[in-house]
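Here is protein-v8.cif, consisting of mmCIF, C-alpha atoms and all ligand atoms:
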```cif
data_target
loop_
_atom_site.label_atom_id
_atom_site.label_comp_id
_atom_site.auth_asym_id
_atom_site.auth_seq_id
_atom_site.Cartn_x
_atom_site.Cartn_y
_atom_site.Cartn_z
CA MET A 124 0.00 0.00 0.00
CA THR A 125 1.27 3.42 -0.94
CA ALA A 126 0.98 6.04 1.82
CA LYS A 127 -1.17 8.91 0.51
CA LEU A 128 0.76 12.06 1.43
CA TYR A 129 -1.75 14.22 -0.47
CA GLU A 130 -4.51 13.16 1.95
CA LYS A 131 -2.66 14.49 4.98
CA ASP A 132 -1.09 17.55 3.37
CA ALA A 133 -2.29 18.98 0.08
CA TYR A 134 0.60 21.47 -0.04
CA ILE A 135 3.45 19.00 -0.57
CA LYS A 136 5.21 19.93 -3.81
CA GLU A 137 8.20 17.62 -3.49
CA PHE A 138 8.85 14.36 -1.65
CA THR A 139 11.32 11.47 -1.51
CA ALA A 140 10.00 7.93 -1.94
CA THR A 141 11.24 4.40 -2.58
CA VAL A 142 10.27 2.53 -5.75
CA ILE A 143 8.42 -0.65 -4.77
CA ASP A 144 7.59 -1.86 -8.26
CA CYS A 145 8.06 -0.90 -11.90
CA ILE A 146 5.70 -2.64 -14.31
CA SER A 147 6.03 -2.42 -18.08
CA ALA A 148 2.71 -1.44 -19.69
CA ASP A 149 1.72 -0.40 -23.24
CA ASN A 150 4.38 2.19 -24.23
CA ALA A 151 4.69 3.20 -20.56
CA PHE A 152 5.87 2.10 -17.14
CA LYS A 153 3.69 1.89 -14.03
CA ILE A 154 5.69 2.90 -10.96
CA ILE A 155 4.52 2.01 -7.45
CA LEU A 156 6.04 4.01 -4.59
CA ASP A 157 6.02 3.49 -0.82
CA LYS A 158 4.47 6.97 -0.50
CA THR A 159 3.24 9.66 -2.85
CA ALA A 160 1.99 13.24 -3.06
CA PHE A 161 0.64 12.62 -6.58
CA PHE A 162 -3.15 12.63 -6.52
CA PRO A 163 -4.52 9.81 -8.70
CA GLU A 164 -7.52 10.62 -10.90
CA GLY A 165 -10.65 10.28 -8.81
CA GLY A 166 -13.84 11.93 -7.60
CA GLY A 167 -14.10 13.81 -10.90
CA GLN A 168 -10.66 15.41 -10.55
CA ALA A 169 -7.87 14.85 -13.08
CA ALA A 170 -4.63 13.20 -11.93
CA ASP A 171 -1.55 15.19 -10.95
CA ILE A 172 1.36 15.31 -13.37
CA GLY A 173 5.02 16.02 -12.62
CA THR A 174 8.33 14.14 -12.41
CA LEU A 175 9.90 11.19 -10.62
CA GLY A 176 13.67 11.75 -10.75
CA ASN A 177 14.35 12.69 -14.37
CA THR A 178 11.23 10.96 -15.67
CA ASN A 179 7.94 12.63 -16.48
CA VAL A 180 4.82 11.40 -14.74
CA PHE A 181 2.02 11.91 -17.28
CA ASP A 182 -0.80 10.14 -15.45
CA VAL A 183 -1.59 8.66 -12.04
CA GLN A 184 -4.29 6.05 -11.53
CA ILE A 185 -5.53 4.07 -8.57
CA GLU A 186 -6.51 0.49 -9.42
CA ASN A 187 -7.58 -2.01 -6.76
CA GLY A 188 -5.98 0.15 -4.09
CA ALA A 189 -2.60 0.40 -5.87
CA ILE A 190 -1.42 3.82 -7.07
CA TYR A 191 0.33 3.67 -10.45
CA HIS A 192 2.51 6.56 -11.63
CA TYR A 193 2.67 6.37 -15.44
CA THR A 194 6.10 7.24 -16.86
CA ASN A 195 7.90 6.89 -20.20
CA GLU A 196 11.09 5.52 -18.61
CA PRO A 197 11.55 2.65 -16.14
CA ILE A 198 12.88 3.37 -12.63
CA GLU A 199 14.95 0.80 -10.72
CA ILE A 200 13.05 -1.08 -8.03
CA GLY A 201 14.43 -0.28 -4.57
CA SER A 202 15.86 3.09 -5.62
CA GLU A 203 14.99 6.36 -3.94
CA VAL A 204 13.43 9.03 -6.13
CA ILE A 205 12.44 12.64 -5.71
CA GLY A 206 8.86 13.23 -6.78
CA LYS A 207 7.85 16.73 -7.88
CA ILE A 208 4.27 17.53 -8.75
CA ASN A 209 3.21 20.30 -11.11
CA TYR A 210 2.08 22.39 -8.20
CA ASP A 211 0.65 25.44 -10.02
CA ARG A 212 -1.71 23.12 -11.88
CA ARG A 213 -2.54 21.23 -8.68
CA PHE A 214 -3.22 24.46 -6.77
CA ASN A 215 -5.63 25.58 -9.52
CA PHE A 216 -7.40 22.25 -9.09
CA MET A 217 -7.54 22.73 -5.30
CA GLN A 218 -9.10 26.18 -5.76
CA ASN A 219 -11.73 24.82 -8.13
CA HIS A 220 -12.44 21.70 -6.12
CA THR A 221 -12.92 23.58 -2.87
CA GLY A 222 -15.07 26.15 -4.70
CA GLU A 223 -17.21 23.30 -5.98
CA HIS A 224 -17.78 22.06 -2.40
CA ILE A 225 -18.97 25.52 -1.35
CA VAL A 226 -21.31 25.88 -4.34
CA SER A 227 -22.72 22.35 -3.96
CA GLY A 228 -23.11 22.78 -0.20
CA ILE A 229 -25.00 26.07 -0.54
CA ALA A 230 -27.16 24.79 -3.41
CA HIS A 231 -28.04 21.75 -1.33
CA LYS A 232 -28.89 23.78 1.78
CA LEU A 233 -30.88 26.48 -0.02
CA PHE A 234 -32.62 24.57 -2.78
CA GLY A 235 -32.30 20.88 -1.86
CA VAL A 236 -30.40 19.95 -5.02
CA ASN A 237 -27.80 17.18 -5.05
CA ASN A 238 -24.49 17.16 -6.86
CA VAL A 239 -24.68 14.03 -9.03
CA GLY A 240 -21.64 14.66 -11.21
CA PHE A 241 -18.43 16.63 -11.07
CA HIS A 242 -15.69 17.05 -13.63
CA LEU A 243 -12.47 18.95 -13.01
CA GLY A 244 -10.15 19.03 -16.01
CA GLU A 245 -7.41 21.26 -17.41
CA GLU A 246 -9.77 24.10 -18.28
CA LEU A 247 -13.33 23.08 -17.68
CA VAL A 248 -15.04 22.49 -14.36
CA THR A 249 -18.64 21.30 -14.37
CA ILE A 250 -21.14 20.43 -11.66
CA ASP A 251 -24.28 18.41 -12.40
CA PHE A 252 -27.27 18.96 -10.12
CA ASP A 253 -30.26 16.61 -10.07
CA LYS A 254 -32.81 19.45 -10.29
CA GLU A 255 -33.07 22.55 -12.40
CA LEU A 256 -32.05 25.93 -10.99
CA ILE A 257 -33.09 29.27 -12.44
CA ARG A 258 -30.75 32.25 -12.97
CA GLU A 259 -31.91 34.07 -9.79
CA GLN A 260 -31.16 30.97 -7.71
CA LEU A 261 -27.74 30.62 -9.33
CA ASP A 262 -26.99 34.31 -8.68
CA LYS A 263 -27.86 33.81 -5.02
CA ILE A 264 -25.66 30.71 -4.77
CA GLU A 265 -22.79 32.54 -6.45
CA TYR A 266 -23.00 35.54 -4.16
CA LEU A 267 -23.20 33.47 -0.96
CA ALA A 268 -20.36 31.24 -2.18
CA ASN A 269 -18.13 34.29 -2.65
CA GLN A 270 -19.08 35.54 0.80
CA LYS A 271 -17.70 32.26 2.15
CA VAL A 272 -14.46 33.04 0.30
CA TRP A 273 -14.27 36.56 1.79
CA GLN A 274 -14.82 35.12 5.29
CA ASN A 275 -11.68 32.98 4.79
CA LEU A 276 -13.18 29.95 6.56
CA PRO A 277 -11.07 26.95 7.57
CA VAL A 278 -11.34 23.78 5.46
CA LYS A 279 -10.65 20.58 7.38
CA ALA A 280 -10.13 17.15 5.80
CA TYR A 281 -10.16 14.19 8.19
CA LEU A 282 -10.94 10.52 8.66
CA PRO A 283 -13.70 10.37 11.29
CA THR A 284 -14.17 7.44 13.69
CA GLU A 285 -17.22 5.26 13.04
CA LYS A 286 -18.96 6.91 15.98
CA GLU A 287 -18.20 10.41 14.70
CA LEU A 288 -19.34 9.48 11.22
CA LYS A 289 -22.68 8.18 12.50
CA LYS A 290 -23.34 11.48 14.26
CA THR A 291 -22.30 13.60 11.28
CA GLU A 292 -24.61 14.74 8.56
CA TYR A 293 -22.66 14.92 5.33
CA ARG A 294 -23.13 14.99 1.58
CA SER A 295 -21.74 12.19 -0.53
CA LYS A 296 -21.46 12.12 -4.30
CA LYS A 297 -21.56 8.31 -4.44
CA GLU A 298 -21.52 5.17 -2.33
CA ILE A 299 -18.07 4.92 -0.75
CA ASP A 300 -16.23 1.67 -0.11
CA GLY A 301 -13.86 1.66 2.84
CA ALA A 302 -12.91 4.59 5.06
CA VAL A 303 -14.88 7.80 4.57
CA ARG A 304 -12.78 10.96 4.41
CA LEU A 305 -14.73 14.09 5.25
CA VAL A 306 -14.03 17.59 4.02
CA GLU A 307 -15.59 20.17 6.31
CA ILE A 308 -15.87 23.84 5.45
CA LYS A 309 -16.81 25.76 8.57
CA ASP A 310 -20.49 26.82 8.72
CA THR A 311 -20.89 25.80 5.08
CA ASP A 312 -20.63 22.16 4.14
CA ILE A 313 -19.48 18.66 5.04
CA CYS A 314 -18.87 16.29 2.17
CA ALA A 315 -17.14 12.93 1.69
CA CYS A 316 -14.21 13.47 -0.67
CA CYS A 317 -10.80 11.95 -1.44
CA ALA A 318 -9.17 14.88 -3.25
CA PRO A 319 -6.83 17.69 -2.09
CA HIS A 320 -8.42 21.02 -1.09
CA VAL A 321 -7.15 24.40 0.11
CA LYS A 322 -6.82 25.02 3.87
CA ASN A 323 -8.78 28.25 3.98
CA THR A 324 -11.54 29.43 1.65
CA GLY A 325 -9.75 32.75 1.04
CA GLU A 326 -7.23 30.86 -1.11
CA ILE A 327 -9.99 30.17 -3.65
CA GLY A 328 -9.93 33.85 -4.62
CA ILE A 329 -13.20 33.97 -6.54
CA ILE A 330 -16.04 31.64 -7.49
CA LYS A 331 -17.81 32.31 -10.79
CA LEU A 332 -20.72 30.36 -12.21
CA LEU A 333 -20.74 30.54 -16.01
CA ASP A 334 -22.76 28.66 -18.63
CA THR A 335 -25.59 26.30 -17.76
CA GLU A 336 -27.11 23.46 -19.70
CA LYS A 337 -30.27 21.48 -18.96
CA MET A 338 -29.72 17.77 -18.62
CA ARG A 339 -31.84 14.77 -17.58
CA GLY A 340 -34.21 16.81 -15.42
CA GLY A 341 -31.30 18.64 -13.82
CA ILE A 342 -28.72 21.22 -14.73
CA ARG A 343 -25.00 21.28 -15.62
CA ILE A 344 -23.12 24.36 -14.49
CA VAL A 345 -19.72 25.46 -15.73
CA LEU A 346 -17.75 26.84 -12.81
CA LYS A 347 -14.43 28.66 -12.63
CA CYS A 348 -12.57 29.50 -9.45
CA GLY A 349 -9.30 31.20 -8.55
CA ASN A 350 -6.73 31.27 -11.34
CA PHE A 351 -9.12 29.60 -13.81
CA ALA A 352 -11.57 32.47 -13.20
CA LEU A 353 -8.77 35.04 -13.51
CA GLN A 354 -7.67 33.61 -16.88
CA ASP A 355 -11.30 33.56 -18.01
CA TYR A 356 -11.72 37.21 -16.99
CA LYS A 357 -8.50 38.11 -18.81
CA ASN A 358 -9.68 36.43 -22.04
CA LYS A 359 -13.13 37.97 -21.83
CA TYR A 360 -11.76 41.41 -20.99
CA GLN A 361 -9.46 41.23 -24.01
CA ASN A 362 -12.37 40.19 -26.22
CA VAL A 363 -14.71 42.90 -25.00
CA SER A 364 -12.05 45.61 -25.18
CA GLN A 365 -11.20 44.63 -28.78
CA ILE A 366 -14.86 44.49 -29.79
CA SER A 367 -15.64 47.86 -28.24
CA ALA A 368 -12.54 49.45 -29.83
CA LEU A 369 -13.60 48.05 -33.20
CA LEU A 370 -17.12 49.44 -32.80
CA SER A 371 -16.05 52.66 -31.06
CA SER A 372 -18.30 51.93 -28.12
CA LYS A 373 -17.82 51.86 -24.38
CA GLN A 374 -17.03 48.38 -23.06
CA GLU A 375 -20.26 48.16 -21.10
CA LYS A 376 -22.17 49.06 -24.29
CA ALA A 377 -20.39 46.49 -26.48
CA TYR A 378 -23.43 44.21 -26.70
CA GLU A 379 -25.69 47.06 -27.84
CA ALA A 380 -23.08 48.10 -30.42
CA VAL A 381 -22.92 44.55 -31.78
CA GLN A 382 -26.72 44.40 -31.88
CA LYS A 383 -26.81 47.61 -33.96
CA LEU A 384 -24.12 46.25 -36.28
CA ASP A 385 -26.10 43.03 -36.68
CA GLU A 386 -29.22 45.01 -37.62
CA LYS A 387 -27.20 46.99 -40.17
CA CYS A 388 -25.77 43.78 -41.64
CA THR A 389 -29.24 42.24 -41.94
CA ALA A 390 -30.56 45.37 -43.68
CA ALA A 391 -27.54 45.47 -46.00
CA SER A 392 -27.88 41.84 -46.93
CA GLN A 393 -31.60 42.34 -47.68
CA LYS A 394 -30.63 45.28 -49.91
CA ILE A 395 -28.04 43.14 -51.70
CA THR A 396 -30.67 40.44 -52.33
CA GLU A 397 -33.07 43.03 -53.77
CA LEU A 398 -30.33 44.51 -55.98
CA LYS A 399 -29.30 41.10 -57.23
CA LYS A 400 -32.92 40.40 -58.19
CA LYS A 401 -32.96 43.68 -60.10
CA ILE A 402 -29.70 42.78 -61.85
CA ALA A 403 -31.21 39.42 -62.79
CA ASP A 404 -34.30 41.14 -64.19
CA MET A 405 -32.10 43.55 -66.14
CA ALA A 406 -30.01 40.67 -67.48
CA VAL A 407 -33.20 38.92 -68.58
CA SER A 408 -34.50 42.12 -70.28
CA ALA A 409 -31.17 42.64 -72.02
CA ALA A 410 -30.85 39.04 -73.21
CA ALA A 411 -31.82 38.15 -76.72
CA GLN A 412 -33.48 34.99 -78.02
CA ASN A 413 -30.21 33.59 -79.36
CA ASP A 414 -28.19 34.26 -76.18
CA THR A 415 -28.02 30.63 -75.06
CA CYS A 416 -25.08 31.31 -72.79
CA ILE A 417 -24.51 34.52 -70.84
CA PHE A 418 -21.92 35.65 -68.28
CA VAL A 419 -22.78 37.73 -65.20
CA ASP A 420 -20.60 39.10 -62.39
CA GLY A 421 -20.66 38.19 -58.70
CA CYS A 422 -23.52 35.68 -58.63
CA ASP A 423 -23.58 32.54 -56.53
CA VAL A 424 -25.10 29.27 -57.72
CA LYS A 425 -28.50 30.04 -56.19
CA GLU A 426 -28.70 33.39 -58.00
CA LEU A 427 -27.55 31.77 -61.25
CA GLN A 428 -30.34 29.17 -60.92
CA LEU A 429 -32.89 31.95 -60.53
CA LEU A 430 -31.54 33.74 -63.58
CA ALA A 431 -31.37 30.60 -65.77
CA ASP A 432 -34.93 29.77 -64.78
CA LYS A 433 -36.16 33.28 -65.69
CA LEU A 434 -34.38 33.14 -69.07
CA HIS A 435 -35.78 29.67 -69.78
CA LYS A 436 -39.30 30.83 -68.94
CA LYS A 437 -38.91 33.83 -71.25
CA PHE A 438 -37.19 32.23 -74.24
CA GLY A 439 -37.45 28.45 -73.73
CA GLY A 440 -34.66 26.15 -74.99
CA ILE A 441 -31.27 25.86 -73.36
CA ARG A 442 -30.31 28.72 -71.04
CA ALA A 443 -26.87 28.68 -69.40
CA VAL A 444 -25.56 31.34 -67.02
CA PHE A 445 -21.97 31.60 -65.78
CA SER A 446 -20.27 33.70 -63.13
CA GLU A 447 -16.50 33.80 -62.77
CA ASN A 448 -14.76 32.87 -59.50
CA THR A 449 -11.02 32.61 -58.90
CA GLY A 450 -9.95 29.67 -61.01
CA ASN A 451 -13.36 28.48 -62.19
CA PHE A 452 -16.91 29.45 -63.11
CA SER A 453 -20.11 28.81 -61.19
CA PHE A 454 -22.94 27.88 -63.50
CA ALA A 455 -26.62 27.00 -63.80
CA ILE A 456 -28.16 25.53 -66.95
CA CYS A 457 -31.90 25.31 -67.42
CA ALA A 458 -33.61 23.38 -70.22
CA GLY A 459 -36.11 20.62 -70.91
CA ASP A 460 -34.97 17.64 -68.82
CA ASP A 461 -34.09 15.11 -71.58
CA GLU A 462 -32.34 17.71 -73.68
CA LEU A 463 -30.49 18.97 -70.60
CA GLN A 464 -29.20 15.56 -69.47
CA GLU A 465 -27.76 14.89 -72.93
CA LEU A 466 -26.16 18.34 -73.05
CA PHE A 467 -24.80 18.05 -69.52
CA ALA A 468 -23.20 14.65 -70.24
CA LYS A 469 -21.39 16.25 -73.19
CA PHE A 470 -20.46 19.27 -71.05
CA LYS A 471 -18.95 16.99 -68.39
CA SER A 472 -17.01 15.02 -70.98
CA GLN A 473 -15.44 18.21 -72.28
CA PHE A 474 -14.65 20.08 -69.02
CA THR A 475 -13.79 19.38 -65.39
CA VAL A 476 -17.22 19.81 -63.82
CA ARG A 477 -18.44 19.53 -60.25
CA GLY A 478 -22.16 19.46 -59.73
CA GLY A 479 -25.34 18.05 -61.19
CA GLY A 480 -29.07 18.38 -60.86
CA ARG A 481 -32.41 17.24 -62.15
CA GLY A 482 -35.87 18.44 -63.10
CA GLY A 483 -34.61 20.71 -65.86
CA MET A 484 -31.82 22.41 -63.90
CA VAL A 485 -28.15 21.54 -63.38
CA GLN A 486 -25.67 23.63 -61.45
CA GLY A 487 -22.14 23.57 -60.10
CA THR A 488 -18.66 24.75 -61.00
CA VAL A 489 -16.56 24.22 -64.09
CA GLU A 490 -12.88 24.69 -64.85
CA ALA A 491 -12.77 26.31 -68.28
CA THR A 492 -12.15 29.59 -70.12
CA SER A 493 -15.04 31.82 -71.15
CA GLU A 494 -13.99 31.29 -74.81
CA SER A 495 -14.23 27.50 -74.54
CA ILE A 496 -17.61 27.79 -72.76
CA ASN A 497 -18.94 30.13 -75.47
CA LEU A 498 -17.66 27.76 -78.13
CA PHE A 499 -19.41 24.85 -76.46
CA PHE A 500 -22.79 26.58 -76.59
CA GLU A 501 -22.44 27.69 -80.22
CA PHE A 502 -24.04 24.64 -81.81
ZN ZN B 1 -13.51 17.48 -2.77
#
```
Kindly transcribe the structure held in the file into structure tokens.
Ligand SMILES: [Zn+2]
Amino acid sequence: MTAKLYEKDAYIKEFTATVIDCISADNAFKIILDKTAFFPEGGGQAADIGTLGNTNVFDVQIENGAIYHYTNEPIEIGSEVIGKINYDRRFNFMQNHTGEHIVSGIAHKLFGVNNVGFHLGEELVTIDFDKELIREQLDKIEYLANQKVWQNLPVKAYLPTEKELKKTEYRSKKEIDGAVRLVEIKDTDICACCAPHVKNTGEIGIIKLLDTEKMRGGIRIVLKCGNFALQDYKNKYQNVSQISALLSSKQEKAYEAVQKLDEKCTAASQKITELKKKIADMAVSAAAQNDTCIFVDGCDVKELQLLADKLHKKFGGIRAVFSENTGNFSFAICAGDDELQELFAKFKSQFTVRGGGRGGMVQGTVEATSESINLFFEF
């Protein structure tokens, strides 16, 4: 059995241990130590990473009570190694994990919801509650949770005696085998948990509830605490300041400025559609009976289809419309179906064509010169 240093002291960054076993696994080695400060993945929290001697530890897992440190290099059995965990990353996890306890504890007390899922990864922290919560409830939870941070309350993790455990009311995310470890945040919450937490709530810094998503009668909440929240604020601040500079608005008015821009874009795109229809009508008016193939500027396939259809309705026969792109032409050809399929087969045999169609209309793109296209339609 490996002694779990992280259970007694979550602030150990470096430790010396003896290698008990080194097992070769798929492209990796599983190192067992007599003691470790590396937290193995569990309770929704990702594993610690770091180094053992000169070897990187890229994962830590607990399987049937044994803690395996996954490395790329073997380490001699019986040797002493210095273990160093990536402490900045771990501390971020401790901030988020302790923040999650506070949020879950308050949500449970105030609204009777239970935490039924927790995920703590490199960037994303989510809590799943078994009942829905509305924005006002979430705002209340968030505010009270931050108050608990400002009060800098002690966080105690301990293994209670059986007698103590019986007397204690605590939350538990799942059925626990073996000894129950309790994490108690003064005047806030008691929850069974195996992971490392901060000693005082002030170390969390800030608790911010972000996006929510309904799921299976409950709600998933994205949460960011401490440094995760700071990085999130930094990114969002940068985004908002760039958007507001671009739109010459105040930062707090950025949303309104974007809304106005969106309205302008919608109006402009409606105008463009109207103008394109007019251009199509003008092209139809200008076309003559023997203009089987015409070229227009700046039309997409949909607009070309409309134009070909109008020309076909006016003059009948084969009506082909082309619009030049970089390196190819978009096209739409409208004609009687049998006639069209025969023509299109010939067209495809002569040029590199992408596209097709039915019911009297084919469309797509073609790699050709305008001269060769004109020549093709002069039959
Ligand atoms: Zn915990």
Grab the CA of Ala411 (chain A) to CA of Ile395 (chain A) distance for me, in Å with one decimal place.
->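 Value for the CA of Ala411 (chain A)-CA of Ile395 (chain A) distance: 25.8 Å.
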Between A:Ala169, A:Val272, A:Val306, A:Ala189, which one has atoms that come closest to ligand ZN 1 (chain B), using all atoms listed in the file?
-> A:Val306
Option closest in space to ligand ZN 1 (chain B), from A:Thr284, A:Ser446, A:Gln168, A:Thr415 [counting only C-alpha atoms and all ligand atoms] |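 Between A:Thr284, A:Ser446, A:Gln168, A:Thr415, the residue approaching ligand ZN 1 (chain B) most closely is A:Gln168.
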List all protein, DNA and RNA residues that have an atom no more than 12 Å from any atom of ligand ZN 1 (chain B), counting all atoms listed in the file, and report them as an mmCIF file with C-alpha atoms, in the coordinates of the input.
```cif
data_model
loop_
_atom_site.group_PDB
_atom_site.id
_atom_site.type_symbol
_atom_site.label_atom_id
_atom_site.label_comp_id
_atom_site.auth_asym_id
_atom_site.auth_seq_id
_atom_site.Cartn_x
_atom_site.Cartn_y
_atom_site.Cartn_z
ATOM 1 C CA GLU A 130 -4.510 13.160 1.950
ATOM 2 C CA ALA A 133 -2.290 18.980 0.080
ATOM 3 C CA GLY A 165 -10.650 10.280 -8.810
ATOM 4 C CA GLY A 166 -13.840 11.930 -7.600
ATOM 5 C CA GLY A 167 -14.100 13.810 -10.900
ATOM 6 C CA GLN A 168 -10.660 15.410 -10.550
ATOM 7 C CA PHE A 216 -7.400 22.250 -9.090
ATOM 8 C CA MET A 217 -7.540 22.730 -5.300
ATOM 9 C CA GLN A 218 -9.100 26.180 -5.760
ATOM 10 C CA ASN A 219 -11.730 24.820 -8.130
ATOM 11 C CA HIS A 220 -12.440 21.700 -6.120
ATOM 12 C CA THR A 221 -12.920 23.580 -2.870
ATOM 13 C CA GLY A 222 -15.070 26.150 -4.700
ATOM 14 C CA GLU A 223 -17.210 23.300 -5.980
ATOM 15 C CA HIS A 224 -17.780 22.060 -2.400
ATOM 16 C CA ILE A 225 -18.970 25.520 -1.350
ATOM 17 C CA VAL A 226 -21.310 25.880 -4.340
ATOM 18 C CA SER A 227 -22.720 22.350 -3.960
ATOM 19 C CA GLY A 228 -23.110 22.780 -0.200
ATOM 20 C CA ASN A 238 -24.490 17.160 -6.860
ATOM 21 C CA PHE A 241 -18.430 16.630 -11.070
ATOM 22 C CA HIS A 242 -15.690 17.050 -13.630
ATOM 23 C CA LEU A 243 -12.470 18.950 -13.010
ATOM 24 C CA VAL A 278 -11.340 23.780 5.460
ATOM 25 C CA LYS A 279 -10.650 20.580 7.380
ATOM 26 C CA ALA A 280 -10.130 17.150 5.800
ATOM 27 C CA TYR A 281 -10.160 14.190 8.190
ATOM 28 C CA ARG A 294 -23.130 14.990 1.580
ATOM 29 C CA SER A 295 -21.740 12.190 -0.530
ATOM 30 C CA LYS A 296 -21.460 12.120 -4.300
ATOM 31 C CA ARG A 304 -12.780 10.960 4.410
ATOM 32 C CA LEU A 305 -14.730 14.090 5.250
ATOM 33 C CA VAL A 306 -14.030 17.590 4.020
ATOM 34 C CA GLU A 307 -15.590 20.170 6.310
ATOM 35 C CA ILE A 308 -15.870 23.840 5.450
ATOM 36 C CA ASP A 312 -20.630 22.160 4.140
ATOM 37 C CA ILE A 313 -19.480 18.660 5.040
ATOM 38 C CA CYS A 314 -18.870 16.290 2.170
ATOM 39 C CA ALA A 315 -17.140 12.930 1.690
ATOM 40 C CA CYS A 316 -14.210 13.470 -0.670
ATOM 41 C CA CYS A 317 -10.800 11.950 -1.440
ATOM 42 C CA ALA A 318 -9.170 14.880 -3.250
ATOM 43 C CA PRO A 319 -6.830 17.690 -2.090
ATOM 44 C CA HIS A 320 -8.420 21.020 -1.090
ATOM 45 C CA VAL A 321 -7.150 24.400 0.110
#
```
When you draw a straight line from CA of Asp461 (chain A) to CA of Phe445 (chain A), how long is it in Å?
->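 Distance reported for this atom pair: 21.3 Å.
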To one decimal place, how far is CA of Ser493 (chain A) from CA of Asn451 (chain A) in Å?
-> 9.7 Å
Give me the residues within 12 Å of Asp404 (chain A) as a list of chain:residue names, counting only C-alpha atoms and dropping any in the same chain fewer than 5 places off.
->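 In the requested form, the answer reads A:Glu397, A:Leu398, A:Lys399, A:Ala409, A:Ala410, A:Glu426, A:Leu427, A:Leu429, A:Leu430, A:Ala431, A:Asp432, A:Lys433, A:Leu434, A:Lys437.
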Excluding Phe499 (chain A) and residues on its chain fewer than 6 positions from it, collect all residues at most 10 Å away from it, counting only C-alpha atoms, and give them as a list in words.
->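 Close residues of Phe499 (chain A): Cys416, Leu466, Lys469, Phe470, Gln473 and Ser493 of chain A.
Distance check against Gly173 (chain A) using only C-alpha atoms: of A:Asn209, A:Gln393, A:Asn195, A:Gln361, the minimum falls on A:Asn209.
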Would you kindly return, as a ChimeraX atom specification, each protein, DNA or RNA residue with an atom no farther than 10 Å from any atom of Leu247 (chain A), considering all atoms listed in the file and excluding same-chain residues fewer than 2 positions away?
-> /A:219,242-245,249,345-347,351
If you count all atoms listed in the file, the residue of A:Thr335, A:Asn497, A:Asn237, A:Thr159 closest to Ile208 (chain A) turns out to be A:Thr159
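Minimum distance to Ile329 (chain A) across A:Ile496, A:Leu288, A:Val407, A:Ala352 (counting all atoms listed in the file) occurs at A:Ala352.
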Which is closest to Leu156 (chain A) among A:Thr139, A:Asn448, A:Gln270, A:Thr125, if we use only C-alpha atoms?
-> A:Thr125
